[in-house]
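Undergrad: query-v9.cif is the file, holding mmCIF, C-alpha atoms:
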data_protein
loop_
_atom_site.label_atom_id
_atom_site.label_comp_id
_atom_site.auth_asym_id
_atom_site.auth_seq_id
_atom_site.Cartn_x
_atom_site.Cartn_y
_atom_site.Cartn_z
CA MET Z 29 -24.55 -23.63 150.90
CA GLU Z 30 -25.88 -25.37 147.80
CA PRO Z 31 -23.49 -27.78 146.09
CA LYS Z 32 -21.99 -26.50 142.86
CA ASN Z 33 -23.01 -27.93 139.52
CA ASN Z 34 -19.97 -29.92 138.40
CA VAL Z 35 -21.73 -31.96 135.71
CA THR Z 36 -20.66 -30.98 132.18
CA PHE Z 37 -22.27 -33.88 130.32
CA PHE Z 38 -24.82 -36.64 130.75
CA VAL Z 39 -24.82 -40.30 129.69
CA PHE Z 40 -28.02 -41.94 128.46
CA THR Z 41 -28.71 -45.56 129.33
CA GLY Z 42 -30.68 -45.70 126.08
CA LEU Z 43 -33.38 -48.15 125.11
CA THR Z 44 -31.14 -51.22 125.26
CA GLN Z 45 -27.52 -52.24 125.80
CA ASN Z 46 -27.77 -55.25 123.49
CA PRO Z 47 -25.75 -54.59 120.26
CA VAL Z 48 -28.08 -56.66 118.09
CA GLU Z 49 -31.18 -54.92 119.45
CA GLN Z 50 -29.47 -51.55 118.93
CA LYS Z 51 -28.96 -52.31 115.23
CA VAL Z 52 -32.60 -53.36 114.83
CA LEU Z 53 -33.81 -50.23 116.63
CA PHE Z 54 -31.45 -48.07 114.56
CA VAL Z 55 -33.02 -49.28 111.31
CA MET Z 56 -36.54 -49.01 112.72
CA PHE Z 57 -36.18 -45.48 114.10
CA LEU Z 58 -34.32 -44.28 111.01
CA LEU Z 59 -37.27 -45.49 108.92
CA PHE Z 60 -39.71 -43.84 111.34
CA TYR Z 61 -37.85 -40.54 111.14
CA ILE Z 62 -37.70 -40.58 107.33
CA LEU Z 63 -41.44 -41.33 107.18
CA THR Z 64 -42.10 -38.55 109.69
CA MET Z 65 -40.19 -35.93 107.72
CA VAL Z 66 -41.42 -37.03 104.28
CA GLY Z 67 -45.05 -37.44 105.37
CA ASN Z 68 -45.29 -34.12 107.19
CA LEU Z 69 -43.37 -32.29 104.47
CA LEU Z 70 -45.75 -33.77 101.89
CA ILE Z 71 -48.72 -32.38 103.82
CA VAL Z 72 -47.13 -28.92 104.16
CA VAL Z 73 -46.24 -28.72 100.45
CA THR Z 74 -49.63 -30.05 99.31
CA ILE Z 75 -51.58 -27.58 101.46
CA THR Z 76 -49.30 -24.68 100.47
CA VAL Z 77 -49.53 -25.35 96.72
CA SER Z 78 -53.06 -26.74 96.35
CA LYS Z 79 -55.82 -24.23 95.60
CA THR Z 80 -58.53 -26.53 97.00
CA LEU Z 81 -57.11 -26.68 100.55
CA GLY Z 82 -57.43 -23.05 101.54
CA SER Z 83 -59.70 -23.45 104.56
CA PRO Z 84 -58.45 -22.69 108.11
CA MET Z 85 -58.50 -26.40 108.97
CA TYR Z 86 -55.73 -27.08 106.46
CA PHE Z 87 -53.79 -23.99 107.56
CA PHE Z 88 -53.64 -25.41 111.08
CA LEU Z 89 -52.90 -28.89 109.74
CA ALA Z 90 -49.85 -27.51 107.90
CA CYS Z 91 -48.75 -25.78 111.12
CA LEU Z 92 -49.22 -29.04 113.04
CA SER Z 93 -47.06 -30.89 110.50
CA LEU Z 94 -44.29 -28.28 110.76
CA THR Z 95 -44.46 -28.54 114.55
CA ASP Z 96 -44.20 -32.34 114.35
CA MET Z 97 -41.12 -32.08 112.11
CA ILE Z 98 -39.26 -29.80 114.53
CA TYR Z 99 -40.47 -31.68 117.62
CA SER Z 100 -39.32 -35.02 116.21
CA SER Z 101 -36.00 -33.53 115.05
CA ALA Z 102 -35.20 -32.44 118.60
CA ILE Z 103 -35.14 -36.05 119.78
CA THR Z 104 -35.03 -38.71 117.05
CA PRO Z 105 -31.75 -37.82 115.22
CA LYS Z 106 -29.83 -37.98 118.53
CA LEU Z 107 -31.50 -41.31 119.34
CA ILE Z 108 -30.59 -42.69 115.90
CA SER Z 109 -26.99 -41.49 116.26
CA ASP Z 110 -26.64 -43.07 119.71
CA LEU Z 111 -28.00 -46.40 118.47
CA PHE Z 112 -25.56 -46.38 115.53
CA PHE Z 113 -22.38 -45.16 117.26
CA GLY Z 114 -23.19 -46.32 120.79
CA GLU Z 115 -21.94 -43.08 122.39
CA ASN Z 116 -25.05 -42.04 124.37
CA ILE Z 117 -23.35 -38.84 125.59
CA ILE Z 118 -24.81 -35.32 125.53
CA SER Z 119 -23.33 -32.11 126.91
CA PHE Z 120 -25.14 -30.20 129.65
CA GLN Z 121 -25.94 -27.28 127.32
CA SER Z 122 -27.14 -29.59 124.52
CA CYS Z 123 -29.33 -31.40 127.04
CA MET Z 124 -30.94 -28.15 128.14
CA THR Z 125 -31.42 -27.12 124.50
CA GLN Z 126 -33.09 -30.44 123.68
CA LEU Z 127 -35.36 -30.09 126.72
CA PHE Z 128 -36.38 -26.58 125.67
CA ILE Z 129 -37.05 -27.40 122.00
CA GLU Z 130 -39.06 -30.55 122.74
CA HIS Z 131 -41.27 -28.72 125.25
CA ILE Z 132 -41.80 -25.53 123.27
CA PHE Z 133 -43.02 -27.48 120.24
CA GLY Z 134 -44.73 -30.20 122.28
CA GLY Z 135 -46.64 -27.50 124.18
CA SER Z 136 -47.41 -25.67 120.94
CA GLU Z 137 -48.74 -28.89 119.39
CA ILE Z 138 -51.13 -29.36 122.31
CA LEU Z 139 -52.52 -25.85 121.84
CA ILE Z 140 -52.71 -26.23 118.04
CA LEU Z 141 -54.79 -29.38 118.54
CA VAL Z 142 -57.13 -27.38 120.80
CA VAL Z 143 -57.38 -24.67 118.13
CA MET Z 144 -58.13 -27.32 115.49
CA ALA Z 145 -60.95 -28.63 117.68
CA TYR Z 146 -62.34 -25.08 117.96
CA ASP Z 147 -62.13 -24.76 114.17
CA ARG Z 148 -64.15 -27.97 113.73
CA TYR Z 149 -66.68 -26.81 116.32
CA VAL Z 150 -67.27 -23.52 114.46
CA ALA Z 151 -67.39 -25.29 111.06
CA ILE Z 152 -69.96 -27.87 112.16
CA CYS Z 153 -71.99 -26.05 114.83
CA LYS Z 154 -71.91 -22.50 113.38
CA PRO Z 155 -71.44 -23.05 109.63
CA LEU Z 156 -73.08 -19.76 108.58
CA HIS Z 157 -70.63 -17.75 110.68
CA TYR Z 158 -67.56 -19.90 109.94
CA LEU Z 159 -65.85 -17.61 107.41
CA VAL Z 160 -66.49 -14.57 109.62
CA ILE Z 161 -65.19 -16.16 112.83
CA MET Z 162 -62.26 -18.10 111.32
CA ARG Z 163 -60.97 -15.33 109.07
CA ARG Z 164 -57.26 -15.27 108.18
CA GLN Z 165 -56.32 -12.72 110.85
CA MET Z 166 -57.98 -14.82 113.56
CA CYS Z 167 -56.14 -17.94 112.38
CA VAL Z 168 -52.79 -16.14 112.60
CA VAL Z 169 -53.63 -14.83 116.08
CA LEU Z 170 -54.58 -18.34 117.27
CA LEU Z 171 -51.33 -19.74 115.85
CA VAL Z 172 -49.24 -17.03 117.55
CA VAL Z 173 -51.03 -17.66 120.86
CA SER Z 174 -50.30 -21.41 120.51
CA LEU Z 175 -46.60 -20.79 119.87
CA LEU Z 176 -46.41 -18.25 122.70
CA GLY Z 177 -48.10 -20.72 125.05
CA GLY Z 178 -45.57 -23.40 124.10
CA PHE Z 179 -42.72 -20.93 124.66
CA LEU Z 180 -43.98 -19.95 128.13
CA HIS Z 181 -44.45 -23.61 129.06
CA ALA Z 182 -40.92 -24.47 127.93
CA ILE Z 183 -39.21 -21.44 129.47
CA VAL Z 184 -40.78 -22.18 132.88
CA LEU Z 185 -39.50 -25.77 132.79
CA LEU Z 186 -36.05 -24.71 131.58
CA SER Z 187 -35.65 -21.99 134.20
CA THR Z 188 -36.74 -24.50 136.84
CA ILE Z 189 -34.17 -27.17 135.97
CA TYR Z 190 -31.28 -25.01 134.72
CA GLY Z 191 -30.29 -23.52 138.07
CA LEU Z 192 -30.54 -26.74 140.07
CA PRO Z 193 -27.36 -28.39 141.42
CA PHE Z 194 -26.12 -31.50 139.59
CA CYS Z 195 -23.22 -32.56 141.77
CA GLY Z 196 -22.87 -36.31 141.41
CA PRO Z 197 -24.40 -38.94 139.09
CA ASN Z 198 -24.69 -37.97 135.43
CA VAL Z 199 -26.32 -41.13 134.02
CA ILE Z 200 -29.84 -40.46 132.73
CA ASP Z 201 -32.02 -43.57 132.66
CA HIS Z 202 -33.61 -42.54 129.39
CA PHE Z 203 -32.83 -41.92 125.70
CA PHE Z 204 -33.35 -38.13 125.76
CA CYS Z 205 -33.36 -35.24 128.23
CA ASP Z 206 -36.67 -34.81 130.03
CA MET Z 207 -37.75 -33.34 133.34
CA TYR Z 208 -38.32 -36.39 135.54
CA PRO Z 209 -35.13 -38.32 134.60
CA LEU Z 210 -33.11 -35.09 135.11
CA LEU Z 211 -34.74 -34.30 138.45
CA GLU Z 212 -33.67 -37.71 139.76
CA LEU Z 213 -30.03 -36.59 139.33
CA VAL Z 214 -30.46 -33.32 141.23
CA CYS Z 215 -28.78 -33.33 144.66
CA THR Z 216 -31.49 -31.37 146.48
CA ASP Z 217 -35.10 -31.94 147.46
CA THR Z 218 -37.31 -31.88 144.35
CA TYR Z 219 -40.75 -32.29 145.92
CA VAL Z 220 -41.90 -28.70 145.32
CA ILE Z 221 -40.28 -28.65 141.87
CA GLY Z 222 -42.13 -31.86 141.02
CA LEU Z 223 -45.42 -30.19 141.93
CA LEU Z 224 -44.51 -27.31 139.62
CA VAL Z 225 -43.85 -29.75 136.76
CA VAL Z 226 -47.19 -31.46 137.36
CA ALA Z 227 -48.92 -28.07 137.47
CA ASN Z 228 -47.17 -26.96 134.30
CA ALA Z 229 -46.99 -30.02 132.05
CA GLY Z 230 -49.50 -32.37 133.69
CA LEU Z 231 -52.36 -29.91 134.04
CA ILE Z 232 -51.83 -28.52 130.54
CA CYS Z 233 -52.13 -32.04 129.09
CA THR Z 234 -55.10 -33.00 131.28
CA ILE Z 235 -57.12 -29.79 130.91
CA SER Z 236 -56.48 -29.63 127.16
CA PHE Z 237 -57.50 -33.29 126.80
CA LEU Z 238 -60.74 -32.71 128.74
CA VAL Z 239 -61.52 -29.58 126.70
CA LEU Z 240 -60.95 -31.56 123.51
CA LEU Z 241 -63.16 -34.43 124.66
CA ILE Z 242 -65.97 -32.02 125.55
CA SER Z 243 -65.67 -30.09 122.28
CA TYR Z 244 -65.70 -33.23 120.15
CA SER Z 245 -68.64 -34.60 122.16
CA VAL Z 246 -70.56 -31.41 121.31
CA ILE Z 247 -69.51 -31.73 117.68
CA LEU Z 248 -70.59 -35.37 117.42
CA HIS Z 249 -73.90 -34.57 119.13
CA SER Z 250 -74.59 -31.79 116.61
CA LEU Z 251 -74.03 -34.09 113.61
CA LYS Z 252 -77.66 -35.20 113.77
CA ASN Z 253 -78.63 -31.82 112.34
CA LEU Z 254 -76.53 -32.32 109.20
CA SER Z 255 -77.37 -34.10 105.96
CA GLN Z 256 -76.03 -37.59 105.36
CA GLU Z 257 -73.22 -36.26 103.15
CA GLY Z 258 -72.37 -33.51 105.63
CA ARG Z 259 -72.40 -36.03 108.48
CA ARG Z 260 -70.04 -38.34 106.60
CA LYS Z 261 -67.59 -35.53 105.83
CA ALA Z 262 -67.70 -34.18 109.39
CA LEU Z 263 -67.15 -37.64 110.84
CA SER Z 264 -64.16 -38.15 108.55
CA THR Z 265 -62.35 -34.96 109.58
CA SER Z 266 -63.38 -35.08 113.25
CA GLY Z 267 -62.47 -38.76 113.45
CA SER Z 268 -58.96 -37.97 112.27
CA HIS Z 269 -58.60 -35.25 114.90
CA ILE Z 270 -59.93 -37.47 117.70
CA THR Z 271 -57.52 -40.27 116.77
CA VAL Z 272 -54.53 -37.90 116.87
CA VAL Z 273 -55.70 -36.42 120.18
CA VAL Z 274 -55.99 -39.81 121.89
CA ILE Z 275 -52.63 -41.22 120.75
CA PHE Z 276 -50.83 -37.99 121.71
CA PHE Z 277 -52.51 -37.05 124.99
CA VAL Z 278 -52.93 -40.40 126.77
CA PRO Z 279 -49.15 -41.15 126.98
CA CYS Z 280 -48.50 -37.48 127.80
CA ILE Z 281 -50.92 -37.58 130.74
CA LEU Z 282 -49.51 -40.88 132.00
CA MET Z 283 -46.01 -39.35 131.93
CA TYR Z 284 -46.63 -36.03 133.67
CA VAL Z 285 -49.63 -36.39 136.00
CA ARG Z 286 -47.73 -38.10 138.83
CA PRO Z 287 -44.97 -37.45 141.41
CA VAL Z 288 -41.31 -37.09 140.37
CA LYS Z 289 -40.43 -40.73 139.77
CA THR Z 290 -39.37 -42.77 136.76
CA PHE Z 291 -40.86 -46.16 135.88
CA PRO Z 292 -39.73 -48.97 133.54
CA THR Z 293 -42.62 -48.16 131.17
CA ASP Z 294 -41.52 -44.53 130.73
CA LYS Z 295 -39.20 -45.24 127.82
CA SER Z 296 -41.90 -47.10 125.88
CA LEU Z 297 -44.44 -44.34 126.50
CA SER Z 298 -41.89 -41.72 125.47
CA VAL Z 299 -41.12 -43.55 122.22
CA PHE Z 300 -44.81 -43.53 121.43
CA TYR Z 301 -45.42 -39.79 121.76
CA THR Z 302 -41.99 -38.52 120.63
CA VAL Z 303 -41.27 -40.84 117.68
CA VAL Z 304 -44.39 -42.76 116.65
CA THR Z 305 -47.08 -40.07 116.96
CA PRO Z 306 -45.35 -37.48 114.69
CA MET Z 307 -45.04 -40.24 112.08
CA LEU Z 308 -48.68 -41.34 112.39
CA ASN Z 309 -50.21 -37.84 112.19
CA PRO Z 310 -49.73 -37.36 108.41
CA LEU Z 311 -50.92 -40.92 107.73
CA ILE Z 312 -54.06 -40.41 109.81
CA TYR Z 313 -54.91 -37.04 108.29
CA SER Z 314 -54.14 -38.17 104.74
CA LEU Z 315 -55.86 -41.55 104.74
CA ARG Z 316 -59.01 -40.38 106.57
CA ASN Z 317 -59.48 -37.12 104.67
CA SER Z 318 -60.88 -37.41 101.15
CA GLU Z 319 -60.08 -33.77 100.26
CA MET Z 320 -56.44 -34.25 101.25
CA LYS Z 321 -56.16 -37.49 99.28
CA ASN Z 322 -57.70 -35.92 96.19
CA ALA Z 323 -55.45 -32.86 96.43
CA MET Z 324 -52.37 -35.07 96.74
CA LYS Z 325 -53.41 -37.17 93.75
CA MET Z 326 -54.05 -34.08 91.62
CA LEU Z 327 -50.88 -32.24 92.65
CA TRP Z 328 -48.36 -35.07 92.56
CA GLY Z 329 -50.04 -36.85 89.64
CA ARG Z 330 -49.73 -33.63 87.65
CA LYS Z 331 -46.02 -33.35 88.53
CA VAL Z 332 -45.34 -36.95 87.47
CA LEU Z 333 -47.18 -36.36 84.18
CA LEU Z 334 -45.19 -33.16 83.58
CA LYS Z 335 -41.90 -34.99 84.18
CA ARG Z 336 -42.88 -37.71 81.71
CA ARG Z 337 -43.73 -35.13 79.05
CA LEU Z 338 -40.42 -33.32 79.62
CA ALA Z 339 -38.54 -36.63 79.40
CA THR Z 340 -40.11 -37.42 76.04
#
Transcribe the structure of this file into structure tokens.
TA:
Amino acid sequence: MEPKNNVTFFVFTGLTQNPVEQKVLFVMFLLFYILTMVGNLLIVVTITVSKTLGSPMYFFLACLSLTDMIYSSAITPKLISDLFFGENIISFQSCMTQLFIEHIFGGSEILILVVMAYDRYVAICKPLHYLVIMRRQMCVVLLVVSLLGGFLHAIVLLSTIYGLPFCGPNVIDHFFCDMYPLLELVCTDTYVIGLLVVANAGLICTISFLVLLISYSVILHSLKNLSQEGRRKALSTSGSHITVVVIFFVPCILMYVRPVKTFPTDKSLSVFYTVVTPMLNPLIYSLRNSEMKNAMKMLWGRKVLLKRRLAT
């Protein structure tokens, strides 16, 4: 007979037990979260309002920013609260909810990045057919497929962990609920389940990363056929995408392509792809994209000017 699940809550060990370090981290992660929300919201509003950013690339960029906002909000506010109050406690149901939300939007983000690479491939390698291939209906279909893929990825992981017996320790050596730290608390053999996690999360990250590397290699190789101005513009947008891909996928692969075991470096890697990456995405896309910078200057400069005129 399997042991019953008598765990109603979990306790995080957190990033540190030092009160001084907790205060420093609280301020740092609060700043990171504010920058994440403001930066991504700025991108969404600019793309939505601006008439010059109507291409499919910016549609997917707005979707990526929305995904980053929800993904970050599943983890960072709880981390900030724990650092400030020092409670580090989460109920079983809240833990499962956090696990589901982080993986549905993390999985969706992976697929959106693949779609964005496909968009750049069509724009650069098949420019004459771009508007036909990447029409609005196709963009919506690709977005729905990305979200559905993230949902299926998350529901498989949740259904895997939810029915397992937690009958003893309830201390999670982490700062949020994730598969490997939770599986270490399960009082049954997790070897087969670990293989399922690797097949689900690890292979998705690895295969998507390889597909992205191949697609961007093809894109960069095809740049020789463009004019100097076209090459500069393509390098700017593709460079932004490649940067985001590397800083998101490398920690993800290191986390999930391995047996069920936690390591001291896991927390640092997790901070990087759950907190830092969603904050960096809007900075990377804004600073390396001249069209985005110009649209922001025009839109927000116009609003500031309007406010000044109204004030006078």
Undergrad: Please evaluate the PyMOL selection byres ((chain Z and resi 205) around 6) against the displayed coordinates and give the resulting residues as a VMD selection string.
TA: chain Z and resid 123 127 204 206
Undergrad: Can you spell out as a list in words the set of residues that the PyMOL selection byres ((chain Z and resi 294) around 12) selects in the structure I just provided?
TA: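 That expression, the PyMOL selection byres ((chain Z and resi 294) around 12), corresponds here to Gly42, Leu43, Asp201, His202, Phe203, Phe204, Asp206, Tyr208, Pro209, Pro279, Cys280, Ile281, Leu282, Met283, Tyr284, Lys289, Thr290, Phe291, Pro292, Thr293, Lys295, Ser296, Leu297, Ser298, Val299, Phe300, Tyr301 and Thr302 of chain Z.
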Undergrad: Which residues are close to Met307 of chain Z, i.e. within 8 Å by all atoms listed in the file, leaving aside same-chain residues fewer than 6 positions away? Reply as a ChimeraX atom specification.
TA: /Z:60-61,63-65,67-68
Undergrad: Take atom CA of Tyr313 of chain Z and atom CA of His269 of chain Z and report the distance between them in Å, one decimal.
TA: 7.8 Å
Undergrad: Could the centre and edge lengths of an axis-aligned box, enclosing all atoms of segment 66-83 of chain Z in the file with 6 Å extra on each side, be given in Å to one decimal as JSON?
TA:
{"center_x": -50.6, "center_y": -30.2, "center_z": 101.4, "size_x": 30.3, "size_y": 26.4, "size_z": 23.6}
Undergrad: With distances taken over only C-alpha atoms, which residue among Z:Met56, Z:Val73, Z:Ala182, Z:Ile117 lies nearest Thr41 of chain Z?
TA: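 Of all the options, Z:Ile117 lies closest to Thr41 of chain Z.
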Undergrad: Expressed in Å to a single decimal, how great is the separation between atom CA of Met324 of chain Z and atom CA of Cys91 of chain Z?
TA: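 It comes out at 17.5 Å.
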Undergrad: Please indicate the distance in Å from atom CA of Ile270 of chain Z to atom CA of Val239 of chain Z, rounded to one decimal place.
TA: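 Here the two named atoms are 12.1 Å from each other.
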Undergrad: Looking at only C-alpha atoms, which of Z:Cys153, Z:Phe88, Z:Ser109, Z:Phe37 is the one that sits closest to Val55 of chain Z?
TA: Z:Ser109
